[in-house]
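Text of run_19.cif, listed as mmCIF, N, CA and C atoms:
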```cif
data_model
#
loop_
_atom_site.label_atom_id
_atom_site.label_comp_id
_atom_site.auth_asym_id
_atom_site.auth_seq_id
_atom_site.Cartn_x
_atom_site.Cartn_y
_atom_site.Cartn_z
N MET A 3 91.61 83.57 103.82
CA MET A 3 90.43 84.09 104.49
C MET A 3 90.15 83.38 105.80
N LYS A 4 90.74 82.22 105.99
CA LYS A 4 90.42 81.42 107.16
C LYS A 4 91.28 81.73 108.38
N THR A 5 92.31 82.53 108.22
CA THR A 5 93.24 82.76 109.32
C THR A 5 92.97 84.08 110.03
N ARG A 6 93.49 84.17 111.22
CA ARG A 6 93.41 85.42 111.97
C ARG A 6 94.17 86.52 111.23
N ASP A 7 95.33 86.14 110.64
CA ASP A 7 96.11 87.13 109.89
C ASP A 7 95.29 87.75 108.77
N ALA A 8 94.41 86.98 108.14
CA ALA A 8 93.58 87.52 107.07
C ALA A 8 92.68 88.64 107.61
N ARG A 9 92.18 88.46 108.81
CA ARG A 9 91.33 89.49 109.40
C ARG A 9 92.16 90.72 109.78
N VAL A 10 93.38 90.49 110.25
CA VAL A 10 94.27 91.62 110.56
C VAL A 10 94.60 92.36 109.27
N LEU A 11 94.88 91.64 108.20
CA LEU A 11 95.15 92.28 106.91
C LEU A 11 93.93 93.06 106.42
N ASP A 12 92.76 92.58 106.71
CA ASP A 12 91.53 93.30 106.39
C ASP A 12 91.52 94.65 107.10
N MET A 13 91.92 94.65 108.34
CA MET A 13 91.98 95.90 109.10
C MET A 13 93.07 96.82 108.54
N ILE A 14 94.22 96.25 108.19
CA ILE A 14 95.31 97.04 107.62
C ILE A 14 94.86 97.69 106.31
N SER A 15 94.17 96.93 105.49
CA SER A 15 93.65 97.48 104.23
C SER A 15 92.73 98.67 104.50
N THR A 16 91.91 98.54 105.52
CA THR A 16 91.00 99.63 105.89
C THR A 16 91.78 100.85 106.33
N ILE A 17 92.80 100.66 107.16
CA ILE A 17 93.63 101.77 107.62
C ILE A 17 94.24 102.49 106.43
N LEU A 18 94.77 101.73 105.49
CA LEU A 18 95.51 102.32 104.38
C LEU A 18 94.62 102.92 103.30
N SER A 19 93.50 102.25 102.98
CA SER A 19 92.84 102.66 101.74
C SER A 19 91.32 102.70 101.74
N ASP A 20 90.68 102.54 102.88
CA ASP A 20 89.21 102.51 102.87
C ASP A 20 88.62 103.86 103.22
N GLY A 21 88.29 104.61 102.21
CA GLY A 21 87.55 105.85 102.42
C GLY A 21 88.40 107.10 102.56
N LYS A 22 87.73 108.20 102.73
CA LYS A 22 88.38 109.51 102.77
C LYS A 22 89.21 109.74 104.03
N SER A 23 88.98 108.94 105.06
CA SER A 23 89.80 109.10 106.26
C SER A 23 90.99 108.14 106.27
N SER A 24 91.14 107.36 105.20
CA SER A 24 92.27 106.43 105.14
C SER A 24 93.58 107.19 104.97
N ARG A 25 94.65 106.55 105.38
CA ARG A 25 95.97 107.19 105.33
C ARG A 25 96.39 107.55 103.90
N LEU A 26 96.16 106.64 102.97
CA LEU A 26 96.59 106.91 101.60
C LEU A 26 95.73 107.98 100.93
N TYR A 27 94.45 108.01 101.25
CA TYR A 27 93.60 109.06 100.69
C TYR A 27 94.07 110.42 101.21
N LYS A 28 94.28 110.51 102.51
CA LYS A 28 94.73 111.78 103.09
C LYS A 28 96.06 112.19 102.48
N LYS A 29 96.97 111.24 102.34
CA LYS A 29 98.30 111.54 101.85
C LYS A 29 98.31 111.95 100.38
N THR A 30 97.52 111.28 99.57
CA THR A 30 97.60 111.52 98.13
C THR A 30 96.54 112.47 97.59
N VAL A 31 95.47 112.68 98.32
CA VAL A 31 94.41 113.56 97.82
C VAL A 31 94.32 114.84 98.65
N ASP A 32 94.30 114.70 99.95
CA ASP A 32 94.14 115.88 100.80
C ASP A 32 95.41 116.72 100.90
N ASP A 33 96.57 116.06 101.00
CA ASP A 33 97.81 116.79 101.26
C ASP A 33 98.49 117.32 100.01
N VAL A 34 98.29 116.65 98.87
CA VAL A 34 99.00 117.01 97.64
C VAL A 34 98.02 116.96 96.49
N CYS A 35 98.31 117.71 95.46
CA CYS A 35 97.50 117.67 94.24
C CYS A 35 97.74 116.33 93.55
N PRO A 36 96.71 115.48 93.44
CA PRO A 36 96.90 114.15 92.88
C PRO A 36 97.44 114.13 91.45
N SER A 37 97.13 115.15 90.67
CA SER A 37 97.58 115.13 89.27
C SER A 37 99.09 115.33 89.16
N SER A 38 99.72 115.80 90.24
CA SER A 38 101.16 116.02 90.19
C SER A 38 101.95 114.77 90.57
N PHE A 39 101.27 113.71 90.98
CA PHE A 39 101.93 112.47 91.38
C PHE A 39 102.38 111.67 90.18
N THR A 40 103.60 111.14 90.28
CA THR A 40 104.03 110.12 89.32
C THR A 40 103.80 108.77 89.99
N SER A 41 103.89 107.70 89.23
CA SER A 41 103.73 106.38 89.84
C SER A 41 104.82 106.12 90.87
N GLU A 42 106.02 106.67 90.65
CA GLU A 42 107.11 106.52 91.62
C GLU A 42 106.78 107.26 92.92
N ASP A 43 106.19 108.46 92.80
CA ASP A 43 105.79 109.22 93.99
C ASP A 43 104.74 108.46 94.78
N LEU A 44 103.80 107.93 94.06
CA LEU A 44 102.72 107.18 94.71
C LEU A 44 103.26 105.95 95.43
N LEU A 45 104.16 105.22 94.78
CA LEU A 45 104.76 104.05 95.40
C LEU A 45 105.53 104.44 96.66
N LYS A 46 106.24 105.56 96.61
CA LYS A 46 106.98 106.02 97.80
C LYS A 46 106.02 106.35 98.94
N GLU A 47 104.92 107.02 98.65
CA GLU A 47 103.94 107.36 99.68
C GLU A 47 103.34 106.09 100.29
N ILE A 48 103.03 105.11 99.45
CA ILE A 48 102.49 103.84 99.95
C ILE A 48 103.52 103.16 100.84
N ASP A 49 104.76 103.09 100.37
CA ASP A 49 105.82 102.45 101.15
C ASP A 49 106.03 103.16 102.49
N ASP A 50 105.96 104.49 102.48
CA ASP A 50 106.12 105.25 103.73
C ASP A 50 105.02 104.89 104.74
N GLU A 51 103.80 104.81 104.26
CA GLU A 51 102.68 104.48 105.16
C GLU A 51 102.77 103.04 105.66
N ILE A 52 103.20 102.14 104.80
CA ILE A 52 103.38 100.75 105.22
C ILE A 52 104.48 100.67 106.27
N LEU A 53 105.58 101.39 106.05
CA LEU A 53 106.68 101.40 107.01
C LEU A 53 106.20 101.91 108.38
N LYS A 54 105.35 102.92 108.38
CA LYS A 54 104.79 103.41 109.65
C LYS A 54 104.00 102.32 110.36
N LEU A 55 103.20 101.58 109.58
CA LEU A 55 102.43 100.49 110.19
C LEU A 55 103.35 99.39 110.73
N GLN A 56 104.48 99.18 110.08
CA GLN A 56 105.41 98.13 110.49
C GLN A 56 106.27 98.53 111.69
N THR A 57 106.40 99.81 111.94
CA THR A 57 107.32 100.27 112.99
C THR A 57 106.64 101.01 114.13
N GLU A 58 105.44 101.51 113.92
CA GLU A 58 104.74 102.27 114.95
C GLU A 58 103.38 101.62 115.22
N LEU A 59 102.98 101.65 116.47
CA LEU A 59 101.64 101.17 116.80
C LEU A 59 100.63 102.22 116.38
N ILE A 60 99.51 101.79 115.83
CA ILE A 60 98.45 102.76 115.57
C ILE A 60 97.94 103.26 116.92
N SER A 61 97.31 104.39 116.93
CA SER A 61 96.82 104.95 118.20
C SER A 61 95.62 104.14 118.71
N GLU A 62 95.38 104.26 119.98
CA GLU A 62 94.19 103.62 120.57
C GLU A 62 92.93 104.17 119.90
N LYS A 63 92.95 105.47 119.61
CA LYS A 63 91.80 106.09 118.95
C LYS A 63 91.57 105.47 117.57
N ASP A 64 92.64 105.27 116.80
CA ASP A 64 92.51 104.66 115.48
C ASP A 64 92.04 103.21 115.57
N LEU A 65 92.51 102.49 116.59
CA LEU A 65 92.05 101.12 116.79
C LEU A 65 90.56 101.11 117.11
N GLN A 66 90.10 102.04 117.94
CA GLN A 66 88.69 102.12 118.27
C GLN A 66 87.85 102.45 117.04
N LYS A 67 88.33 103.36 116.19
CA LYS A 67 87.64 103.68 114.95
C LYS A 67 87.52 102.45 114.05
N LEU A 68 88.60 101.67 113.97
CA LEU A 68 88.59 100.44 113.18
C LEU A 68 87.55 99.46 113.71
N GLU A 69 87.58 99.25 115.02
CA GLU A 69 86.62 98.33 115.63
C GLU A 69 85.19 98.78 115.36
N ASN A 70 84.95 100.08 115.49
CA ASN A 70 83.61 100.61 115.23
C ASN A 70 83.20 100.38 113.78
N LYS A 71 84.13 100.59 112.85
CA LYS A 71 83.83 100.41 111.44
C LYS A 71 83.48 98.95 111.14
N PHE A 72 84.27 98.03 111.68
CA PHE A 72 84.01 96.61 111.44
C PHE A 72 82.73 96.15 112.12
N GLU A 73 82.46 96.68 113.29
CA GLU A 73 81.21 96.32 113.97
C GLU A 73 80.02 96.84 113.17
N ASN A 74 80.12 98.05 112.65
CA ASN A 74 79.05 98.61 111.84
C ASN A 74 78.81 97.76 110.58
N GLN A 75 79.90 97.36 109.91
CA GLN A 75 79.77 96.51 108.72
C GLN A 75 79.13 95.17 109.08
N PHE A 76 79.52 94.61 110.21
CA PHE A 76 78.99 93.33 110.67
C PHE A 76 77.49 93.43 110.92
N VAL A 77 77.09 94.47 111.65
CA VAL A 77 75.67 94.66 111.96
C VAL A 77 74.88 94.90 110.68
N ASN A 78 75.39 95.75 109.80
CA ASN A 78 74.69 96.03 108.55
C ASN A 78 74.55 94.80 107.67
N SER A 79 75.59 93.97 107.63
CA SER A 79 75.52 92.78 106.78
C SER A 79 74.54 91.75 107.32
N ASN A 80 74.19 91.86 108.59
CA ASN A 80 73.24 90.93 109.20
C ASN A 80 71.89 91.58 109.48
N SER A 81 71.62 92.70 108.85
CA SER A 81 70.38 93.43 109.14
C SER A 81 69.21 93.02 108.24
N THR A 82 69.49 92.18 107.25
CA THR A 82 68.42 91.69 106.38
C THR A 82 68.46 90.17 106.34
N VAL A 83 67.36 89.57 105.96
CA VAL A 83 67.31 88.12 105.83
C VAL A 83 68.32 87.67 104.77
N GLU A 84 68.39 88.41 103.67
CA GLU A 84 69.34 88.07 102.61
C GLU A 84 70.78 88.14 103.12
N GLY A 85 71.11 89.16 103.90
CA GLY A 85 72.45 89.29 104.46
C GLY A 85 72.79 88.16 105.40
N VAL A 86 71.85 87.79 106.25
CA VAL A 86 72.06 86.67 107.17
C VAL A 86 72.28 85.38 106.38
N ALA A 87 71.45 85.15 105.38
CA ALA A 87 71.58 83.94 104.56
C ALA A 87 72.93 83.90 103.86
N ASP A 88 73.35 85.03 103.31
CA ASP A 88 74.64 85.10 102.63
C ASP A 88 75.78 84.82 103.61
N ASN A 89 75.72 85.42 104.79
CA ASN A 89 76.77 85.20 105.79
C ASN A 89 76.80 83.76 106.27
N LEU A 90 75.63 83.19 106.52
CA LEU A 90 75.59 81.79 106.95
C LEU A 90 76.21 80.87 105.88
N ALA A 91 75.88 81.13 104.62
CA ALA A 91 76.44 80.33 103.53
C ALA A 91 77.96 80.49 103.47
N THR A 92 78.43 81.72 103.59
CA THR A 92 79.88 81.97 103.56
C THR A 92 80.58 81.28 104.72
N TYR A 93 80.04 81.44 105.92
CA TYR A 93 80.66 80.81 107.09
C TYR A 93 80.67 79.29 106.97
N TYR A 94 79.64 78.73 106.39
CA TYR A 94 79.60 77.29 106.23
C TYR A 94 80.61 76.84 105.16
N LEU A 95 80.59 77.51 104.00
CA LEU A 95 81.47 77.10 102.91
C LEU A 95 82.95 77.29 103.23
N LEU A 96 83.29 78.40 103.85
CA LEU A 96 84.70 78.68 104.11
C LEU A 96 85.22 78.05 105.40
N TYR A 97 84.39 78.08 106.43
CA TYR A 97 84.86 77.70 107.76
C TYR A 97 84.20 76.46 108.34
N LYS A 98 83.13 75.99 107.70
CA LYS A 98 82.33 74.88 108.25
C LYS A 98 81.85 75.22 109.66
N ASP A 99 81.54 76.50 109.88
CA ASP A 99 81.14 76.97 111.21
C ASP A 99 80.13 78.12 111.07
N VAL A 100 78.85 77.78 111.04
CA VAL A 100 77.83 78.83 110.90
C VAL A 100 77.71 79.67 112.16
N ASN A 101 78.22 79.19 113.30
CA ASN A 101 78.17 79.97 114.53
C ASN A 101 79.02 81.24 114.46
N LEU A 102 79.89 81.35 113.45
CA LEU A 102 80.66 82.58 113.29
C LEU A 102 79.76 83.79 113.11
N ILE A 103 78.55 83.58 112.67
CA ILE A 103 77.61 84.69 112.53
C ILE A 103 77.38 85.35 113.90
N ASN A 104 77.60 84.60 114.97
CA ASN A 104 77.43 85.13 116.32
C ASN A 104 78.73 85.59 116.94
N THR A 105 79.86 85.13 116.42
CA THR A 105 81.12 85.36 117.11
C THR A 105 82.21 86.06 116.31
N GLU A 106 82.07 86.17 115.00
CA GLU A 106 83.16 86.73 114.21
C GLU A 106 83.55 88.14 114.64
N ILE A 107 82.61 88.95 115.00
CA ILE A 107 82.94 90.31 115.40
C ILE A 107 83.88 90.33 116.60
N GLU A 108 83.77 89.32 117.45
CA GLU A 108 84.67 89.22 118.61
C GLU A 108 86.12 89.01 118.17
N ILE A 109 86.30 88.31 117.06
CA ILE A 109 87.66 88.13 116.53
C ILE A 109 88.25 89.48 116.16
N TYR A 110 87.48 90.29 115.44
CA TYR A 110 87.96 91.63 115.07
C TYR A 110 88.19 92.49 116.31
N ARG A 111 87.32 92.41 117.28
CA ARG A 111 87.48 93.20 118.51
C ARG A 111 88.73 92.80 119.29
N SER A 112 89.17 91.56 119.14
CA SER A 112 90.32 91.09 119.91
C SER A 112 91.66 91.38 119.24
N ILE A 113 91.65 91.89 118.02
CA ILE A 113 92.89 92.20 117.32
C ILE A 113 93.55 93.40 117.99
N THR A 114 94.85 93.26 118.25
CA THR A 114 95.59 94.30 118.98
C THR A 114 96.39 95.19 118.03
N ARG A 115 96.82 96.30 118.57
CA ARG A 115 97.68 97.20 117.81
C ARG A 115 99.00 96.51 117.45
N GLU A 116 99.49 95.69 118.37
CA GLU A 116 100.73 94.95 118.12
C GLU A 116 100.56 93.94 116.98
N GLU A 117 99.42 93.28 116.93
CA GLU A 117 99.16 92.35 115.83
C GLU A 117 99.14 93.07 114.49
N ILE A 118 98.56 94.24 114.46
CA ILE A 118 98.51 95.02 113.22
C ILE A 118 99.93 95.33 112.77
N ARG A 119 100.77 95.78 113.68
CA ARG A 119 102.17 96.07 113.34
C ARG A 119 102.89 94.80 112.87
N ASP A 120 102.73 93.71 113.61
CA ASP A 120 103.45 92.47 113.30
C ASP A 120 102.99 91.84 111.99
N VAL A 121 101.71 91.87 111.70
CA VAL A 121 101.21 91.31 110.44
C VAL A 121 101.65 92.19 109.26
N ALA A 122 101.70 93.50 109.46
CA ALA A 122 102.22 94.39 108.42
C ALA A 122 103.68 94.04 108.12
N LYS A 123 104.47 93.78 109.16
CA LYS A 123 105.87 93.38 108.96
C LYS A 123 105.97 92.06 108.21
N LYS A 124 105.09 91.14 108.54
CA LYS A 124 105.14 89.79 107.97
C LYS A 124 104.78 89.76 106.49
N TYR A 125 103.78 90.52 106.08
CA TYR A 125 103.24 90.39 104.73
C TYR A 125 103.49 91.57 103.78
N LEU A 126 103.64 92.75 104.29
CA LEU A 126 103.69 93.93 103.41
C LEU A 126 105.13 94.36 103.14
N ASN A 127 105.82 93.55 102.38
CA ASN A 127 107.21 93.82 102.05
C ASN A 127 107.36 93.97 100.54
N PRO A 128 108.33 94.79 100.12
CA PRO A 128 108.49 95.05 98.68
C PRO A 128 108.67 93.79 97.84
N ASN A 129 109.26 92.73 98.40
CA ASN A 129 109.47 91.52 97.63
C ASN A 129 108.23 90.63 97.62
N GLN A 130 107.13 91.10 98.20
CA GLN A 130 105.89 90.33 98.26
C GLN A 130 104.74 91.08 97.61
N ARG A 131 105.02 91.80 96.56
CA ARG A 131 103.96 92.56 95.93
C ARG A 131 104.07 92.51 94.42
N LEU A 132 103.01 92.88 93.81
CA LEU A 132 102.94 92.99 92.36
C LEU A 132 102.56 94.43 92.04
N LEU A 133 103.33 95.05 91.19
CA LEU A 133 103.02 96.41 90.76
C LEU A 133 102.38 96.35 89.38
N LEU A 134 101.26 97.01 89.27
CA LEU A 134 100.55 97.05 88.00
C LEU A 134 100.27 98.50 87.67
N ASN A 135 100.83 98.97 86.58
CA ASN A 135 100.56 100.33 86.12
C ASN A 135 99.49 100.24 85.03
N TYR A 136 98.35 100.81 85.31
CA TYR A 136 97.25 100.84 84.36
C TYR A 136 97.20 102.24 83.77
N ILE A 137 97.56 102.35 82.52
CA ILE A 137 97.62 103.65 81.86
C ILE A 137 96.64 103.65 80.71
N PRO A 138 95.56 104.42 80.81
CA PRO A 138 94.58 104.44 79.72
C PRO A 138 95.17 105.07 78.46
N THR A 139 94.61 104.69 77.33
CA THR A 139 95.06 105.27 76.07
C THR A 139 94.62 106.72 76.01
N LYS A 140 95.34 107.50 75.24
CA LYS A 140 95.00 108.91 75.11
C LYS A 140 93.76 109.12 74.26
N ASP A 141 93.61 108.29 73.24
CA ASP A 141 92.46 108.37 72.35
C ASP A 141 91.48 107.27 72.74
N LYS A 142 90.33 107.67 73.24
CA LYS A 142 89.35 106.70 73.74
C LYS A 142 88.72 105.85 72.63
N THR A 143 88.94 106.24 71.39
CA THR A 143 88.37 105.45 70.29
C THR A 143 89.27 104.28 69.91
N GLN A 144 90.51 104.28 70.39
CA GLN A 144 91.43 103.17 70.09
C GLN A 144 91.07 101.98 70.96
N ASN A 145 91.18 100.80 70.39
CA ASN A 145 90.96 99.55 71.14
C ASN A 145 92.15 98.66 71.03
#
```

Will you turn the file into C-alpha coordinates for me?
Amino acid sequence: MKTRDARVLDMISTILSDGKSSRLYKKTVDDVCPSSFTSEDLLKEIDDEILKLQTELISEKDLQKLENKFENQFVNSNSTVEGVADNLATYYLLYKDVNLINTEIEIYRSITREEIRDVAKKYLNPNQRLLLNYIPTKDKTQN
(Lines of atoms letter the chains of each structure in order from A and count residues from 1; the text may use other names and numbers.)
(Lines give C-alpha, C1' and ligand atoms only; values in the text may rest on other atoms or scores of the structure.)
Protein backbone atom coordinates (compact mmCIF):
# COMPACT_ATOMS: atom_id res chain seq x y z
CA MET A 1 0.00 0.00 0.00
CA LYS A 2 2.95 2.31 0.49
CA THR A 3 4.32 2.25 -3.05
CA ARG A 4 3.40 4.09 -6.20
CA ASP A 5 2.89 0.69 -7.87
CA ALA A 6 0.15 -0.05 -5.32
CA ARG A 7 -1.73 3.02 -6.48
CA VAL A 8 -1.25 2.04 -10.13
CA LEU A 9 -2.57 -1.44 -9.30
CA ASP A 10 -5.55 0.25 -7.66
CA MET A 11 -6.25 1.98 -10.96
CA ILE A 12 -5.76 -1.28 -12.90
CA SER A 13 -8.24 -3.01 -10.61
CA THR A 14 -10.73 -0.24 -11.32
CA ILE A 15 -10.23 -0.58 -15.09
CA LEU A 16 -10.75 -4.32 -14.95
CA SER A 17 -13.46 -4.85 -12.38
CA ASP A 18 -14.97 -1.75 -10.76
CA GLY A 19 -18.56 -1.34 -11.82
CA LYS A 20 -20.69 -1.80 -14.89
CA SER A 21 -18.33 0.17 -17.12
CA SER A 22 -15.36 -2.04 -16.21
CA ARG A 23 -13.78 -4.16 -18.91
CA LEU A 24 -14.58 -7.49 -17.27
CA TYR A 25 -18.19 -6.55 -16.56
CA LYS A 26 -18.70 -5.50 -20.17
CA LYS A 27 -16.97 -8.61 -21.45
CA THR A 28 -18.69 -11.16 -19.23
CA VAL A 29 -22.12 -9.62 -18.63
CA ASP A 30 -22.91 -7.23 -21.45
CA ASP A 31 -21.37 -9.13 -24.38
CA VAL A 32 -22.17 -12.74 -23.45
CA CYS A 33 -24.74 -14.59 -21.38
CA PRO A 34 -22.95 -15.09 -18.04
CA SER A 35 -24.60 -18.44 -17.34
CA SER A 36 -22.92 -19.92 -20.42
CA PHE A 37 -19.42 -19.19 -19.07
CA THR A 38 -17.24 -21.94 -17.71
CA SER A 39 -14.43 -21.11 -15.30
CA GLU A 40 -12.00 -21.73 -18.18
CA ASP A 41 -13.89 -19.23 -20.37
CA LEU A 42 -13.84 -16.68 -17.62
CA LEU A 43 -10.11 -17.14 -17.03
CA LYS A 44 -9.46 -16.70 -20.76
CA GLU A 45 -11.48 -13.46 -20.83
CA ILE A 46 -9.58 -12.15 -17.80
CA ASP A 47 -6.24 -13.10 -19.36
CA ASP A 48 -7.22 -11.40 -22.64
CA GLU A 49 -8.06 -8.15 -20.85
CA ILE A 50 -4.87 -8.28 -18.80
CA LEU A 51 -2.85 -8.88 -21.98
CA LYS A 52 -4.45 -5.77 -23.52
CA LEU A 53 -3.40 -3.73 -20.49
CA GLN A 54 0.13 -5.13 -20.77
CA THR A 55 0.51 -4.42 -24.48
CA GLU A 56 -1.72 -1.44 -25.29
CA LEU A 57 -1.96 1.96 -23.69
CA ILE A 58 -5.39 2.80 -22.34
CA SER A 59 -6.97 5.73 -24.13
CA GLU A 60 -6.60 9.29 -22.90
CA LYS A 61 -10.37 9.27 -22.39
CA ASP A 62 -10.16 6.17 -20.16
CA LEU A 63 -7.31 7.73 -18.19
CA GLN A 64 -9.40 10.86 -17.65
CA LYS A 65 -12.36 8.74 -16.48
CA LEU A 66 -10.05 6.97 -14.02
CA GLU A 67 -8.70 10.24 -12.68
CA ASN A 68 -12.23 11.58 -12.28
CA LYS A 69 -13.33 8.44 -10.44
CA PHE A 70 -10.40 8.58 -8.02
CA GLU A 71 -10.84 12.30 -7.46
CA ASN A 72 -14.53 11.75 -6.72
CA GLN A 73 -13.69 8.97 -4.23
CA PHE A 74 -11.05 11.19 -2.61
CA VAL A 75 -13.44 14.13 -2.23
CA ASN A 76 -16.25 11.92 -0.93
CA SER A 77 -14.00 10.22 1.61
CA ASN A 78 -13.02 13.64 2.97
CA SER A 79 -16.51 15.14 2.97
CA THR A 80 -17.32 14.23 6.57
CA VAL A 81 -15.48 14.69 9.84
CA GLU A 82 -15.47 10.91 10.28
CA GLY A 83 -13.96 10.44 6.80
CA VAL A 84 -11.25 13.00 7.45
CA ALA A 85 -10.43 11.39 10.81
CA ASP A 86 -10.28 7.94 9.22
CA ASN A 87 -8.02 9.17 6.41
CA LEU A 88 -5.72 11.02 8.79
CA ALA A 89 -5.39 7.89 10.93
CA THR A 90 -4.68 5.74 7.87
CA TYR A 91 -2.10 8.16 6.49
CA TYR A 92 -0.38 8.33 9.85
CA LEU A 93 -0.39 4.58 10.52
CA LEU A 94 0.68 3.49 7.04
CA TYR A 95 2.83 6.36 5.84
CA LYS A 96 3.68 8.46 8.92
CA ASP A 97 2.53 11.40 6.78
CA VAL A 98 -0.82 13.03 7.58
CA ASN A 99 -0.17 15.63 4.87
CA LEU A 100 -1.16 12.98 2.31
CA ILE A 101 -4.72 14.07 3.01
CA ASN A 102 -3.78 17.17 1.00
CA THR A 103 -1.59 15.57 -1.65
CA GLU A 104 -2.52 11.94 -2.32
CA ILE A 105 -4.88 12.79 -5.14
CA GLU A 106 -1.93 14.38 -6.96
CA ILE A 107 -0.19 11.00 -6.93
CA TYR A 108 -3.16 9.43 -8.72
CA ARG A 109 -3.36 12.35 -11.16
CA SER A 110 0.31 11.90 -12.04
CA ILE A 111 0.00 8.22 -13.00
CA THR A 112 0.54 7.78 -16.73
CA ARG A 113 -0.87 5.40 -19.29
CA GLU A 114 2.64 3.97 -19.68
CA GLU A 115 2.86 3.25 -15.95
CA ILE A 116 -0.44 1.39 -16.09
CA ARG A 117 0.88 -0.77 -18.93
CA ASP A 118 4.26 -1.34 -17.24
CA VAL A 119 2.83 -2.21 -13.82
CA ALA A 120 0.38 -4.62 -15.46
CA LYS A 121 3.37 -6.31 -17.14
CA LYS A 122 5.27 -6.43 -13.85
CA TYR A 123 2.58 -7.91 -11.60
CA LEU A 124 -0.27 -9.46 -13.57
CA ASN A 125 1.29 -12.65 -14.84
CA PRO A 126 -0.13 -16.19 -14.76
CA ASN A 127 2.67 -17.38 -12.46
CA GLN A 128 1.78 -14.65 -9.94
CA ARG A 129 -1.82 -15.50 -9.19
CA LEU A 130 -3.99 -17.76 -7.17
CA LEU A 131 -7.08 -19.31 -8.72
CA LEU A 132 -9.93 -20.06 -6.40
CA ASN A 133 -13.06 -21.78 -7.67
CA TYR A 134 -15.93 -21.23 -5.28
CA ILE A 135 -18.72 -23.62 -6.15
CA PRO A 136 -21.79 -23.56 -3.91
CA THR A 137 -23.46 -26.80 -2.97
CA LYS A 138 -26.55 -27.77 -4.89
CA ASP A 139 -28.57 -28.41 -1.75
CA LYS A 140 -28.57 -25.32 0.46
CA THR A 141 -29.44 -27.41 3.52
CA GLN A 142 -26.10 -29.25 3.39
CA ASN A 143 -23.28 -27.90 5.55

Mind pulling up the distance from atom CA of Leu26 of chain A to atom N of Ile52 of chain A?
-> 8.8 Å

Between atom N of Ile14 of chain A and atom N of Ser41 of chain A, measure the distance and give it in Å to one decimal.
->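 It comes out at 24.2 Å.
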
Of the residues A:Ser38, A:Asn70, A:Thr92, A:Ser15, which is the one nearest to Arg111 of chain A, using only N, CA and C atoms?
-> A:Asn70

Counting all atoms listed in the file, the residue among A:Ile118, A:Ala91, A:Ile137, A:Leu132 that lies closest to Leu55 of chain A is A:Ile118

For the file shown, what are the residues hit by the PyMOL selection byres ((chain A and resi 10) around 8), laid out as a ChimeraX atom specification?
-> /A:5-9,11-16,109-110,113-114,117-118,121-122

Counting only C-alpha atoms, what is within 8 Å of Leu96 of chain A, bar same-chain residues fewer than 2 positions away, as a list in words?
->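 Neighbouring residues, sequence-local ones excluded: Met3, Lys4, Thr92, Tyr93, Tyr94 and Lys98 of chain A.
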
Residue among A:Arg115, A:Thr30, A:Tyr125, A:Lys140 lying closest to Glu62 of chain A, counting only N, CA and C atoms |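 The shortest atom-to-atom distance to Glu62 of chain A comes from A:Arg115.
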
Taking the file above as input, evaluate the PyMOL selection byres (((chain A and resi 50 and name CA) around 12) and name CA) and report the hits as a short mmCIF file (atom, residue, chain, number, x, y, z; two decimals) with N, CA and C atoms, in the frame of the given file.
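Output below, filename out_3.cif:
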```cif
data_model
loop_
_atom_site.label_atom_id
_atom_site.label_comp_id
_atom_site.auth_asym_id
_atom_site.auth_seq_id
_atom_site.Cartn_x
_atom_site.Cartn_y
_atom_site.Cartn_z
N LEU A 18 94.77 101.73 105.49
CA LEU A 18 95.51 102.32 104.38
C LEU A 18 94.62 102.92 103.30
N ARG A 25 94.65 106.55 105.38
CA ARG A 25 95.97 107.19 105.33
C ARG A 25 96.39 107.55 103.90
N LEU A 26 96.16 106.64 102.97
CA LEU A 26 96.59 106.91 101.60
C LEU A 26 95.73 107.98 100.93
N LYS A 29 96.97 111.24 102.34
CA LYS A 29 98.30 111.54 101.85
C LYS A 29 98.31 111.95 100.38
N THR A 30 97.52 111.28 99.57
CA THR A 30 97.60 111.52 98.13
C THR A 30 96.54 112.47 97.59
N ASP A 43 106.19 108.46 92.80
CA ASP A 43 105.79 109.22 93.99
C ASP A 43 104.74 108.46 94.78
N LEU A 44 103.80 107.93 94.06
CA LEU A 44 102.72 107.18 94.71
C LEU A 44 103.26 105.95 95.43
N LEU A 45 104.16 105.22 94.78
CA LEU A 45 104.76 104.05 95.40
C LEU A 45 105.53 104.44 96.66
N LYS A 46 106.24 105.56 96.61
CA LYS A 46 106.98 106.02 97.80
C LYS A 46 106.02 106.35 98.94
N GLU A 47 104.92 107.02 98.65
CA GLU A 47 103.94 107.36 99.68
C GLU A 47 103.34 106.09 100.29
N ILE A 48 103.03 105.11 99.45
CA ILE A 48 102.49 103.84 99.95
C ILE A 48 103.52 103.16 100.84
N ASP A 49 104.76 103.09 100.37
CA ASP A 49 105.82 102.45 101.15
C ASP A 49 106.03 103.16 102.49
N GLU A 51 103.80 104.81 104.26
CA GLU A 51 102.68 104.48 105.16
C GLU A 51 102.77 103.04 105.66
N ILE A 52 103.20 102.14 104.80
CA ILE A 52 103.38 100.75 105.22
C ILE A 52 104.48 100.67 106.27
N LEU A 53 105.58 101.39 106.05
CA LEU A 53 106.68 101.40 107.01
C LEU A 53 106.20 101.91 108.38
N LYS A 54 105.35 102.92 108.38
CA LYS A 54 104.79 103.41 109.65
C LYS A 54 104.00 102.32 110.36
N LEU A 55 103.20 101.58 109.58
CA LEU A 55 102.43 100.49 110.19
C LEU A 55 103.35 99.39 110.73
N GLN A 56 104.48 99.18 110.08
CA GLN A 56 105.41 98.13 110.49
C GLN A 56 106.27 98.53 111.69
N THR A 57 106.40 99.81 111.94
CA THR A 57 107.32 100.27 112.99
C THR A 57 106.64 101.01 114.13
N GLU A 58 105.44 101.51 113.92
CA GLU A 58 104.74 102.27 114.95
C GLU A 58 103.38 101.62 115.22
N LEU A 126 103.64 92.75 104.29
CA LEU A 126 103.69 93.93 103.41
C LEU A 126 105.13 94.36 103.14
N ASN A 127 105.82 93.55 102.38
CA ASN A 127 107.21 93.82 102.05
C ASN A 127 107.36 93.97 100.54
N PRO A 128 108.33 94.79 100.12
CA PRO A 128 108.49 95.05 98.68
C PRO A 128 108.67 93.79 97.84
#
```

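Between atom C of Ile60 of chain A and atom CA of Phe76 of chain A the interatomic distance comes to 22.3 Å.
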
Closest of A:Glu84, A:Asp120, A:Phe72, A:Tyr136 to Ile107 of chain A, counting all atoms listed in the file, is A:Phe72

DSSP says alpha helix (DSSP H) for which residues of chain A? Put them as an MDAnalysis selection string?
-> chainID A and resid 6:19 25:27 41:57 62:79 83:92 102:112 115:125

Have a look at A:Gly85, A:Glu73, A:Arg119, A:Tyr97 and name the one nearest to Leu59 of chain A; count all atoms listed in the file.
->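 Of A:Gly85, A:Glu73, A:Arg119, A:Tyr97, the one nearest Leu59 of chain A, counting all atoms listed in the file, is A:Arg119.
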